[in-house]
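> Just so it is clear, I am handing over data.cif, which has mmCIF, C-alpha atoms.
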data_entry
loop_
_atom_site.label_atom_id
_atom_site.label_comp_id
_atom_site.auth_asym_id
_atom_site.auth_seq_id
_atom_site.Cartn_x
_atom_site.Cartn_y
_atom_site.Cartn_z
CA MET R 851 -179.01 37.42 -90.27
CA LEU R 852 -181.35 40.39 -89.91
CA ARG R 853 -179.70 41.37 -86.69
CA ARG R 854 -176.29 41.25 -88.33
CA TRP R 855 -177.55 43.46 -91.15
CA GLN R 856 -178.99 45.96 -88.70
CA ARG R 857 -175.78 46.07 -86.75
CA SER R 858 -173.74 46.66 -89.89
CA ALA R 859 -176.19 49.34 -91.09
CA ARG R 860 -175.86 51.12 -87.74
CA ARG R 861 -172.13 50.91 -88.01
CA SER R 862 -172.10 52.46 -91.47
CA CYS R 863 -174.33 55.30 -90.25
CA GLY R 864 -171.77 55.90 -87.52
CA PHE R 865 -169.03 55.89 -90.13
CA ILE R 866 -170.86 58.44 -92.26
CA ARG R 867 -171.68 60.61 -89.26
CA ALA R 868 -168.06 60.44 -88.21
CA LEU R 869 -167.15 61.79 -91.61
CA GLY R 870 -169.77 64.50 -91.44
CA LEU R 871 -170.94 63.17 -94.76
CA ASN R 872 -174.65 62.81 -94.39
CA GLN R 873 -175.94 63.51 -97.81
CA ARG R 874 -178.01 66.65 -97.23
CA TRP R 875 -175.13 68.30 -95.45
CA SER R 876 -172.62 67.45 -98.09
CA GLN R 877 -174.94 68.62 -100.87
CA THR R 878 -175.51 72.12 -99.49
CA ASP R 879 -171.93 72.46 -98.44
CA SER R 880 -170.61 71.48 -101.83
CA ASN R 881 -172.93 74.04 -103.48
CA ARG R 882 -171.68 76.74 -101.20
CA GLN R 883 -168.14 75.60 -101.78
CA THR R 884 -168.56 75.61 -105.54
CA ARG R 885 -169.97 79.13 -105.57
CA PHE R 886 -167.29 80.44 -103.26
CA ALA R 887 -164.47 78.55 -104.95
CA GLY R 888 -165.74 79.77 -108.32
CA LEU R 889 -164.91 83.35 -107.40
CA LEU R 890 -161.39 82.39 -106.45
CA LEU R 891 -160.86 79.92 -109.23
CA VAL R 892 -161.41 82.30 -112.16
CA PRO R 893 -158.02 84.06 -111.98
CA ALA R 894 -156.28 80.84 -110.91
CA VAL R 895 -157.70 78.86 -113.82
CA ALA R 896 -156.90 81.63 -116.29
CA LEU R 897 -153.33 81.61 -115.06
CA LEU R 898 -153.11 77.84 -115.38
CA LEU R 899 -154.45 77.98 -118.92
CA ILE R 900 -151.69 80.37 -119.84
CA THR R 901 -148.90 78.49 -118.07
CA THR R 902 -149.71 74.94 -119.13
CA ALA R 903 -150.77 73.66 -122.48
CA GLN R 904 -153.53 71.45 -121.13
CA ALA R 905 -154.58 72.79 -117.78
CA GLN R 906 -156.88 70.53 -115.82
CA GLN R 907 -159.08 71.95 -113.15
CA ARG R 908 -157.83 71.06 -109.71
CA ALA R 909 -160.09 70.39 -106.75
CA LEU R 910 -157.07 71.01 -104.53
CA PRO R 911 -154.96 73.91 -105.80
CA LEU R 912 -151.22 73.27 -105.82
CA ASP R 913 -150.59 75.68 -102.94
CA VAL R 914 -152.78 73.78 -100.48
CA LEU R 915 -151.25 70.36 -101.21
CA ARG R 916 -149.94 68.68 -98.07
CA SER R 917 -148.09 65.40 -97.98
CA GLY R 918 -149.49 62.62 -95.82
CA SER R 919 -146.51 62.97 -93.49
CA GLU R 920 -147.88 66.33 -92.36
CA PHE R 921 -150.96 64.55 -91.07
CA ALA R 922 -148.87 61.96 -89.21
CA GLY R 923 -147.54 62.32 -85.70
CA SER R 924 -143.99 63.40 -84.98
CA ASP R 925 -143.11 59.79 -84.03
CA VAL R 926 -144.07 58.52 -87.48
CA ARG R 927 -142.33 61.44 -89.20
CA GLY R 928 -139.20 60.81 -87.16
CA MET R 929 -139.24 57.15 -88.12
CA GLN R 930 -139.54 58.06 -91.79
CA SER R 931 -136.71 60.58 -91.81
CA ASP R 932 -134.23 58.33 -89.97
CA ASP R 933 -132.84 55.91 -92.55
CA LEU R 934 -132.01 53.27 -89.96
CA ALA R 935 -135.23 53.45 -87.95
CA ASN R 936 -137.25 53.48 -91.19
CA PRO R 937 -138.06 49.79 -91.79
CA GLY R 938 -138.69 50.53 -95.47
CA PHE R 939 -134.94 50.52 -95.99
CA LEU R 940 -134.85 46.79 -95.24
CA TRP R 941 -136.72 46.46 -98.54
CA VAL R 942 -134.58 49.06 -100.27
CA GLU R 943 -131.47 47.02 -99.43
CA ARG R 944 -133.15 43.87 -100.63
CA GLY R 945 -134.02 45.69 -103.85
CA GLU R 946 -130.43 46.80 -104.29
CA LYS R 947 -129.34 43.15 -104.15
CA SER R 948 -131.98 42.19 -106.73
CA TRP R 949 -130.88 45.10 -108.93
CA ASN R 950 -127.37 43.69 -109.14
CA ASP R 951 -128.34 40.03 -109.15
CA SER R 952 -127.26 38.41 -112.42
CA LYS R 953 -127.68 34.76 -111.34
CA SER R 954 -130.55 34.15 -113.74
CA GLY R 955 -129.28 36.14 -116.72
CA ALA R 956 -129.07 39.89 -117.23
CA SER R 957 -129.49 41.94 -114.07
CA CYS R 958 -131.19 45.32 -113.90
CA ALA R 959 -127.70 46.81 -113.59
CA SER R 960 -126.54 45.16 -116.83
CA CYS R 961 -128.65 47.64 -118.80
CA HIS R 962 -129.35 50.47 -116.37
CA GLY R 963 -125.99 50.61 -114.59
CA GLU R 964 -125.82 52.52 -111.32
CA ALA R 965 -129.38 53.08 -110.11
CA ARG R 966 -128.23 56.15 -108.21
CA ALA R 967 -127.66 57.89 -111.54
CA SER R 968 -129.93 56.11 -114.01
CA MET R 969 -133.02 55.88 -111.80
CA ARG R 970 -132.81 59.38 -110.34
CA GLY R 971 -136.15 61.04 -111.04
CA VAL R 972 -137.72 58.04 -112.75
CA ALA R 973 -140.25 57.14 -110.04
CA ALA R 974 -141.37 60.77 -109.86
CA ARG R 975 -142.57 60.47 -113.47
CA TYR R 976 -144.61 57.29 -112.92
CA PRO R 977 -147.24 56.07 -113.78
CA ALA R 978 -146.28 56.71 -117.39
CA PHE R 979 -147.48 55.71 -120.84
CA ASP R 980 -145.60 52.86 -122.46
CA ALA R 981 -145.63 53.03 -126.24
CA ALA R 982 -144.70 49.38 -126.82
CA SER R 983 -147.72 48.00 -124.97
CA GLY R 984 -149.98 51.01 -125.51
CA THR R 985 -150.89 51.13 -121.84
CA VAL R 986 -150.11 53.26 -118.81
CA MET R 987 -147.81 51.45 -116.39
CA ASP R 988 -147.04 52.10 -112.77
CA LEU R 989 -143.56 51.42 -111.43
CA GLU R 990 -144.34 47.83 -110.46
CA ALA R 991 -145.87 47.09 -113.88
CA ARG R 992 -142.82 48.60 -115.58
CA ILE R 993 -140.43 46.49 -113.51
CA ASN R 994 -142.36 43.33 -114.36
CA ASP R 995 -142.54 44.32 -118.02
CA CYS R 996 -138.77 44.74 -118.05
CA ARG R 997 -138.32 41.37 -116.36
CA VAL R 998 -140.51 39.52 -118.82
CA ARG R 999 -139.60 41.24 -122.08
CA ARG R 1000 -135.95 42.15 -121.57
CA GLN R 1001 -134.61 39.88 -118.85
CA LYS R 1002 -136.66 36.85 -119.92
CA GLN R 1003 -137.59 36.14 -116.32
CA ASN R 1004 -140.90 35.52 -114.64
CA ALA R 1005 -143.07 38.43 -113.55
CA LEU R 1006 -142.98 39.02 -109.81
CA VAL R 1007 -146.20 38.80 -107.83
CA ARG R 1008 -147.64 42.14 -106.75
CA GLU R 1009 -147.01 42.86 -103.05
CA SER R 1010 -144.28 40.22 -102.93
CA ASP R 1011 -141.18 41.27 -101.02
CA ASP R 1012 -139.11 40.85 -104.19
CA LEU R 1013 -141.19 43.26 -106.26
CA LEU R 1014 -141.63 45.74 -103.41
CA GLY R 1015 -137.90 45.61 -102.84
CA ILE R 1016 -137.06 46.63 -106.40
CA SER R 1017 -139.77 49.29 -106.59
CA ALA R 1018 -138.72 50.71 -103.20
CA TYR R 1019 -135.09 50.75 -104.35
CA VAL R 1020 -135.94 52.49 -107.61
CA ALA R 1021 -138.36 54.92 -105.95
CA SER R 1022 -135.89 55.79 -103.21
CA GLN R 1023 -133.51 57.13 -105.87
CA SER R 1024 -136.00 59.95 -106.46
CA ARG R 1025 -136.47 60.92 -102.81
CA GLY R 1026 -137.12 64.63 -102.48
CA LEU R 1027 -137.86 65.18 -106.16
CA PRO R 1028 -141.25 66.65 -107.06
CA LEU R 1029 -143.88 64.38 -108.61
CA SER R 1030 -144.21 65.31 -112.29
CA THR R 1031 -146.35 62.82 -114.16
CA ARG R 1032 -147.35 63.47 -117.78
CA ILE R 1033 -151.06 63.22 -118.42
CA ASP R 1034 -151.17 64.60 -121.95
CA GLY R 1035 -151.12 62.76 -125.26
CA PRO R 1036 -151.68 59.02 -125.11
CA ALA R 1037 -151.95 59.02 -121.29
CA SER R 1038 -154.95 61.35 -121.29
CA ALA R 1039 -157.57 58.62 -121.72
CA ALA R 1040 -156.25 56.74 -118.67
CA PHE R 1041 -156.09 60.01 -116.77
CA ASP R 1042 -159.74 60.77 -117.51
CA ARG R 1043 -160.74 57.29 -116.38
CA GLY R 1044 -158.73 57.73 -113.19
CA ARG R 1045 -160.35 61.09 -112.49
CA ALA R 1046 -163.81 59.62 -113.08
CA PHE R 1047 -163.05 56.75 -110.68
CA TYR R 1048 -161.87 59.24 -108.08
CA ASN R 1049 -165.06 61.28 -108.25
CA GLN R 1050 -167.43 58.34 -108.60
CA ARG R 1051 -169.32 57.17 -105.51
CA HIS R 1052 -168.43 53.58 -104.64
CA GLY R 1053 -169.68 50.72 -102.55
CA GLN R 1054 -172.20 50.32 -99.76
CA MET R 1055 -171.09 53.54 -98.10
CA ASN R 1056 -171.73 55.33 -101.39
CA LEU R 1057 -168.63 57.48 -100.97
CA SER R 1058 -166.23 58.86 -103.54
CA CYS R 1059 -162.52 59.44 -102.95
CA ALA R 1060 -163.18 63.18 -103.38
CA GLN R 1061 -165.68 63.34 -100.52
CA CYS R 1062 -163.01 62.41 -98.00
CA HIS R 1063 -159.79 63.60 -99.54
CA ASP R 1064 -160.89 66.79 -101.37
CA GLN R 1065 -163.83 67.99 -99.30
CA ASN R 1066 -163.04 66.81 -95.79
CA TRP R 1067 -159.28 66.47 -95.40
CA GLY R 1068 -158.01 67.65 -92.06
CA LYS R 1069 -161.17 66.49 -90.27
CA ARG R 1070 -161.34 63.45 -88.04
CA ILE R 1071 -162.53 60.03 -89.09
CA TYR R 1072 -162.67 58.16 -85.79
CA ALA R 1073 -159.18 58.46 -84.35
CA GLU R 1074 -157.50 59.35 -87.64
CA THR R 1075 -157.10 62.65 -89.43
CA LEU R 1076 -158.22 62.46 -93.03
CA SER R 1077 -155.25 63.18 -95.25
CA GLN R 1078 -155.44 64.60 -98.73
CA GLY R 1079 -154.81 61.12 -100.06
CA HIS R 1080 -151.51 61.61 -101.85
CA GLY R 1081 -149.41 58.63 -102.88
CA ASN R 1082 -146.00 60.32 -102.77
CA ALA R 1083 -144.69 58.12 -99.93
CA PHE R 1084 -145.39 54.77 -101.58
CA PRO R 1085 -144.22 52.08 -101.49
CA ALA R 1086 -144.53 52.85 -97.80
CA TYR R 1087 -144.16 50.98 -94.54
CA LYS R 1088 -147.56 51.01 -92.87
CA LEU R 1089 -147.38 50.34 -89.15
CA GLU R 1090 -150.87 48.90 -89.42
CA TRP R 1091 -149.65 46.35 -91.99
CA GLN R 1092 -146.34 45.73 -90.24
CA THR R 1093 -144.81 45.62 -93.68
CA LEU R 1094 -144.07 47.60 -96.81
CA GLY R 1095 -146.94 47.95 -99.26
CA SER R 1096 -147.67 49.55 -102.60
CA LEU R 1097 -150.01 52.43 -103.37
CA GLN R 1098 -152.38 49.91 -104.90
CA ARG R 1099 -152.62 48.08 -101.61
CA ARG R 1100 -153.38 51.37 -99.88
CA ILE R 1101 -156.09 52.21 -102.42
CA ARG R 1102 -157.59 48.76 -102.02
CA ALA R 1103 -157.65 49.29 -98.26
CA CYS R 1104 -159.63 52.52 -98.79
CA LEU R 1105 -162.08 50.70 -101.06
CA PHE R 1106 -162.44 47.99 -98.43
CA GLY R 1107 -163.17 50.68 -95.83
CA ILE R 1108 -166.04 52.09 -97.84
CA ARG R 1109 -167.25 48.55 -98.60
CA ALA R 1110 -166.68 48.83 -102.31
CA GLU R 1111 -165.56 46.24 -104.80
CA MET R 1112 -161.78 46.01 -104.84
CA PRO R 1113 -160.16 45.58 -108.25
CA PRO R 1114 -157.46 42.90 -108.14
CA ALA R 1115 -153.84 44.01 -107.62
CA GLY R 1116 -152.43 45.27 -110.91
CA ALA R 1117 -155.86 46.05 -112.40
CA SER R 1118 -155.95 48.86 -114.94
CA GLU R 1119 -158.56 50.76 -112.87
CA LEU R 1120 -156.01 51.04 -110.08
CA ILE R 1121 -153.24 52.16 -112.42
CA ASP R 1122 -155.54 54.81 -113.96
CA LEU R 1123 -156.32 56.04 -110.45
CA GLU R 1124 -152.62 56.05 -109.55
CA LEU R 1125 -152.00 58.25 -112.60
CA PHE R 1126 -154.71 60.68 -111.54
CA LEU R 1127 -153.35 60.71 -107.97
CA ALA R 1128 -149.82 61.40 -109.18
CA TRP R 1129 -151.05 64.37 -111.19
CA ARG R 1130 -153.15 65.52 -108.25
CA ALA R 1131 -150.06 65.46 -106.01
CA GLN R 1132 -147.92 67.21 -108.61
CA GLY R 1133 -144.98 69.02 -107.05
CA LEU R 1134 -145.06 67.18 -103.73
CA PRO R 1135 -141.69 65.59 -102.94
CA LEU R 1136 -141.40 61.85 -103.37
CA GLU R 1137 -140.86 60.29 -99.93
CA ALA R 1138 -140.53 56.58 -100.73
CA PRO R 1139 -139.97 54.53 -98.69
CA GLY R 1140 -142.34 56.47 -96.45
CA VAL R 1141 -143.68 55.48 -93.06
CA ARG R 1142 -147.38 55.78 -92.34
CA ARG R 1143 -149.59 54.70 -89.48
CA MET Q 89 -134.50 36.13 -93.84
CA ALA Q 90 -131.39 37.13 -92.06
CA ASP Q 91 -131.47 40.70 -93.26
CA SER Q 92 -130.47 43.39 -90.84
CA ARG Q 93 -129.19 46.92 -90.88
CA ILE Q 94 -126.68 48.19 -88.32
CA SER Q 95 -125.41 51.59 -87.39
CA VAL Q 96 -122.25 52.09 -85.30
CA PRO Q 97 -120.10 55.25 -85.24
CA ASP Q 98 -117.11 55.13 -87.64
CA ALA Q 99 -114.68 55.78 -84.80
CA ALA Q 100 -114.91 56.28 -81.05
CA ARG Q 101 -112.66 57.61 -78.27
CA ARG Q 102 -111.59 55.10 -75.63
CA ASP Q 103 -114.27 54.67 -72.89
CA GLU Q 104 -116.79 56.65 -74.87
CA ALA Q 105 -120.38 55.39 -74.82
CA ILE Q 106 -121.21 54.60 -78.42
CA GLU Q 107 -124.69 54.27 -79.83
CA VAL Q 108 -125.44 50.95 -81.50
CA ARG Q 109 -128.58 50.57 -83.59
CA ILE Q 110 -129.86 47.52 -85.39
CA SER Q 111 -133.01 46.82 -87.33
CA ILE Q 112 -133.82 43.20 -88.14
CA ARG Q 113 -136.17 42.01 -90.83
CA HIS Q 114 -138.61 39.57 -89.28
CA ALA Q 115 -142.38 39.12 -89.56
CA MET Q 116 -142.72 38.46 -85.79
CA GLU Q 117 -145.79 36.29 -86.33
CA THR Q 118 -147.74 36.55 -83.07
CA GLY Q 119 -149.44 33.16 -83.09
CA TYR Q 120 -152.80 34.85 -82.51
CA ARG Q 121 -153.74 35.13 -86.16
CA THR Q 122 -155.55 32.69 -88.41
CA ASP Q 123 -155.07 32.17 -92.10
CA GLU Q 124 -157.82 32.42 -94.72
CA SER Q 125 -159.10 28.93 -93.95
CA GLY Q 126 -159.33 29.69 -90.23
CA LYS Q 127 -156.29 27.66 -89.21
CA PRO Q 128 -154.09 29.33 -86.61
CA VAL Q 129 -150.77 30.64 -87.91
CA ALA Q 130 -147.97 29.28 -85.76
CA ARG Q 131 -146.15 31.74 -83.60
CA ASN Q 132 -142.76 32.70 -84.96
CA VAL Q 133 -141.06 35.54 -83.18
CA ILE Q 134 -137.39 36.22 -82.53
CA ARG Q 135 -137.05 34.53 -79.17
CA SER Q 136 -133.72 35.92 -78.17
CA PHE Q 137 -131.32 38.51 -79.41
CA ALA Q 138 -127.82 39.09 -78.06
CA CYS Q 139 -124.85 41.28 -78.81
CA ARG Q 140 -121.26 40.41 -77.88
CA TYR Q 141 -118.41 42.88 -77.88
CA ASN Q 142 -115.12 41.09 -78.52
CA GLY Q 143 -116.75 37.96 -77.14
CA ASP Q 144 -118.25 39.51 -73.99
CA PRO Q 145 -122.03 39.74 -73.77
CA VAL Q 146 -123.07 43.40 -73.61
CA PHE Q 147 -126.74 43.34 -74.51
CA ALA Q 148 -129.42 40.64 -74.59
CA VAL Q 149 -133.18 40.59 -75.02
CA ARG Q 150 -135.85 37.94 -74.71
CA MET Q 151 -138.89 38.65 -76.82
CA SER Q 152 -142.44 37.42 -77.18
CA SER Q 153 -145.54 38.20 -79.22
CA GLY Q 154 -145.82 41.80 -78.08
CA ILE Q 155 -142.94 43.07 -80.19
CA ALA Q 156 -143.78 44.54 -83.59
CA ALA Q 157 -142.49 43.17 -86.87
CA ASN Q 158 -138.98 44.19 -87.95
CA PRO Q 159 -137.71 44.91 -84.44
CA TYR Q 160 -135.37 47.83 -83.94
CA PHE Q 161 -132.94 48.11 -81.02
CA ARG Q 162 -130.89 51.04 -79.87
CA PHE Q 163 -128.43 50.68 -77.00
CA PHE Q 164 -125.13 52.03 -75.77
CA VAL Q 165 -121.82 50.24 -75.34
CA THR Q 166 -118.64 51.57 -73.77
CA ALA Q 167 -115.92 51.47 -76.38
CA ARG Q 168 -112.99 49.80 -74.57
CA ASP Q 169 -110.97 48.39 -77.47
CA SER Q 170 -111.16 48.19 -81.22
CA GLY Q 171 -112.88 45.01 -82.26
CA THR Q 172 -116.17 43.57 -83.37
CA LEU Q 173 -119.75 43.57 -82.24
CA ASP Q 174 -121.37 40.22 -82.97
CA PHE Q 175 -125.13 40.11 -83.12
CA GLU Q 176 -127.04 36.86 -82.97
CA TRP Q 177 -130.71 36.04 -82.82
CA ILE Q 178 -132.90 32.97 -83.08
CA ASP Q 179 -136.62 32.64 -83.78
CA ASP Q 180 -139.26 30.05 -82.84
CA ALA Q 181 -138.70 28.22 -86.12
CA GLY Q 182 -135.06 27.79 -85.16
CA THR Q 183 -133.75 30.15 -87.82
CA ARG Q 184 -130.55 31.80 -86.69
CA GLY Q 185 -129.48 35.22 -87.84
CA THR Q 186 -126.09 36.81 -87.38
CA ALA Q 187 -124.54 40.14 -88.18
CA GLN Q 188 -121.28 41.87 -87.39
CA ALA Q 189 -120.06 45.44 -87.02
CA THR Q 190 -116.63 46.90 -86.42
CA VAL Q 191 -115.73 49.25 -83.59
CA LYS Q 192 -112.67 51.39 -84.09
CA VAL Q 193 -111.21 53.00 -80.98
CA VAL Q 194 -108.82 55.87 -81.71
#
I'd like the structure from this file rewritten - as structure tokens, please.


Amino acid sequence: MLRRWQRSARRSCGFIRALGLNQRWSQTDSNRQTRFAGLLLVPAVALLLITTAQAQQRALPLDVLRSGSEFAGSDVRGMQSDDLANPGFLWVERGEKSWNDSKSGASCASCHGEARASMRGVAARYPAFDAASGTVMDLEARINDCRVRRQKQNALVRESDDLLGISAYVASQSRGLPLSTRIDGPASAAFDRGRAFYNQRHGQMNLSCAQCHDQNWGKRIYAETLSQGHGNAFPAYKLEWQTLGSLQRRIRACLFGIRAEMPPAGASELIDLELFLAWRAQGLPLEAPGVRR
Amino acid sequence: MADSRISVPDAARRDEAIEVRISIRHAMETGYRTDESGKPVARNVIRSFACRYNGDPVFAVRMSSGIAANPYFRFFVTARDSGTLDFEWIDDAGTRGTAQATVKVV
């Protein structure tokens, strides 16, 4: 038992060293960064305050945002950009069938018509606040809400091929459009919770999302390059998973990696975080169905 | 689970080598994994895949656990006559999948 604990403690030290995140180092560096960034941020923040009604301070300014595909190899990028080699389209086609399936009552198409027209740009605005339920919903939650309330059908299980198919089909209609989530008004409380979760240290590794994806992106973590942690490719086909998965699954995998508690699929903490991530990636083109390692 | 996606050129010149691409939806369960209770998950991979061009075999593969999920094939066929490409595959569970594409020689 003790030996196992020692081994796991050694392994986590290795993990933290690999990140360059030993605490003293990260403390001094973040001070230096804050001071330096402060000089640059003053004009940028002033500009933001003028241009947007409710400017939020960004750890990553919009002009340094880089999609996850830029951190991937050319093989993975090639796979994503080729609609036949991209396995995500197997789910998109499945979703198209579900969209038009009226066997058990009204289909999605009965109300929304041609997805190519009606769903263009929709996924780029999600997660979004839903007035009827008073909550913020991600795309999967919205699809299930529609199924239960409007179509009078059962909710689909998160990460099931059926739900991923529909969300991939809907999301693929917005390919290339910039993410533009609204975080003002009734969504602001969820946004603040999502931001707090992002900056909060979690789990046995005591790491926050920001420590990897804001402060150390571009550096190596073992054999991988740390990305900026944007969700603009999801639902995405992860070669590691050998299947399509949602952004929530990806976030849960990160939490697993830092040995933190994983909220269950569909939990509001994850949706709040998805909202914050969508705002953080604002302007990046939607790539769903993406391909990632 | 017989989903597949195929790409064949819309039209080809006679005796031209045409590119045929197919992506098949299959979990390709290796047989090396265990489920949550520790029981081994039975191997289920696409054992064989074949393509016939107007009835003649033009491409065939035998596969095992080393092939990733959702296998993707790309191969070339000489377009002799207009007709059909028939794809057929079978997995360890005995599930058969078929697909068809049209070749138009102009």

> Spell out the residues picked by the PyMOL selection byres ((chain R) within 8 of (chain Q)) here, as a ChimeraX atom specification.

/R:934-935,937,940,1092-1093

> As a check of understanding, name the residues that the PyMOL selection byres ((chain Q and resi 118) around 8) selects in the supplied structure, as a ChimeraX atom specification.

/Q:116-117,119-121,130-133,152-154

> Could you spell out the hits of the PyMOL selection byres ((chain R and resi 1001-1005) around 10) on the shown file, as a list in words?

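With the PyMOL selection byres ((chain R and resi 1001-1005) around 10) on this model, the match is Ser952, Ser954, Gly955, Ala956, Ser957, Cys958, Ser960, Cys961, Glu990, Ala991, Ile993, Asn994, Asp995, Cys996, Arg997, Val998, Arg999, Arg1000, Leu1006, Val1007, Arg1008 and Leu1013 of chain R.
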
> Taking (-115.2, 46.3, -77.9) in the file's coordinates as the center, which residues reach within 7 Å of it, counting all atoms listed in the file, put as a list in words?

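I get Tyr141, Asn142, Ala167, Arg168, Asp169, Ser170, Gly171, Thr172, Leu173 and Val191 of chain Q for the residues within 7 Å of that point.
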
> Report, in Å to a single decimal, how far apart CA of Gly984 (chain R) and CA of Ala1039 (chain R) are.

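Going from CA of Ala1039 (chain R) over to CA of Gly984 (chain R) covers 11.4 Å.
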
> Could the centre and edge lengths of an axis-aligned box, enclosing all atoms of region 147-159 of chain Q in the file with 4 Å extra on each side, be given in Å to one decimal as JSON?


{"center_x": -136.3, "center_y": 41.2, "center_z": -81.2, "size_x": 27.1, "size_y": 15.5, "size_z": 21.4}

> Have a look at CA of Asp951 (chain R) and CA of Ile178 (chain Q) and let me know their distance in Å, one decimal.

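Straight-line distance from CA of Asp951 (chain R) to CA of Ile178 (chain Q) works out to 27.4 Å.
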
> If you count only C-alpha atoms, which residues fall within 8 Å of Arg140 (chain Q), apart from same-chain ones fewer than 3 positions away, as a list in words?

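The residues that qualify are Gly143, Asp144, Pro145, Val146, Phe147, Leu173, Asp174 and Phe175 of chain Q.
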
> Write out the residues from the selection above, keeping C-alpha atoms, as a short mmCIF file (atom, residue, chain, number, x, y, z; two decimals), in the frame of the given file.


data_model
loop_
_atom_site.label_atom_id
_atom_site.label_comp_id
_atom_site.auth_asym_id
_atom_site.auth_seq_id
_atom_site.Cartn_x
_atom_site.Cartn_y
_atom_site.Cartn_z
CA GLY Q 143 -116.75 37.96 -77.14
CA ASP Q 144 -118.25 39.51 -73.99
CA PRO Q 145 -122.03 39.74 -73.77
CA VAL Q 146 -123.07 43.40 -73.61
CA PHE Q 147 -126.74 43.34 -74.51
CA LEU Q 173 -119.75 43.57 -82.24
CA ASP Q 174 -121.37 40.22 -82.97
CA PHE Q 175 -125.13 40.11 -83.12
#

> Using Å and a single decimal, report how far CA of Gly1068 (chain R) sits from CA of Ala1086 (chain R).

20.8 Å

> Please work out which residues fall within 7 Å of (-123.0, 51.8, -78.5), coordinates as given in the file, with only C-alpha atoms counting, and return them as an mmCIF file with C-alpha atoms, in the coordinates of the input.


data_model
loop_
_atom_site.group_PDB
_atom_site.id
_atom_site.type_symbol
_atom_site.label_atom_id
_atom_site.label_comp_id
_atom_site.auth_asym_id
_atom_site.auth_seq_id
_atom_site.Cartn_x
_atom_site.Cartn_y
_atom_site.Cartn_z
ATOM 1 C CA VAL Q 96 -122.250 52.090 -85.300
ATOM 2 C CA ALA Q 105 -120.380 55.390 -74.820
ATOM 3 C CA ILE Q 106 -121.210 54.600 -78.420
ATOM 4 C CA GLU Q 107 -124.690 54.270 -79.830
ATOM 5 C CA VAL Q 108 -125.440 50.950 -81.500
ATOM 6 C CA PHE Q 163 -128.430 50.680 -77.000
ATOM 7 C CA PHE Q 164 -125.130 52.030 -75.770
ATOM 8 C CA VAL Q 165 -121.820 50.240 -75.340
ATOM 9 C CA THR Q 166 -118.640 51.570 -73.770
#

> Within 10 Å of region 913-928 of chain R, counting all atoms listed in the file, which residues qualify if same-chain residues fewer than 2 places away don't, as a count of residues only?

34

> Select, from Q:Cys139, Q:Ile134, Q:Ala148, Q:Val193, the residue with the minimum atom-to-atom distance to Asp180 (chain Q), counting only C-alpha atoms.

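Smallest distance to Asp180 (chain Q) is found for Q:Ile134.
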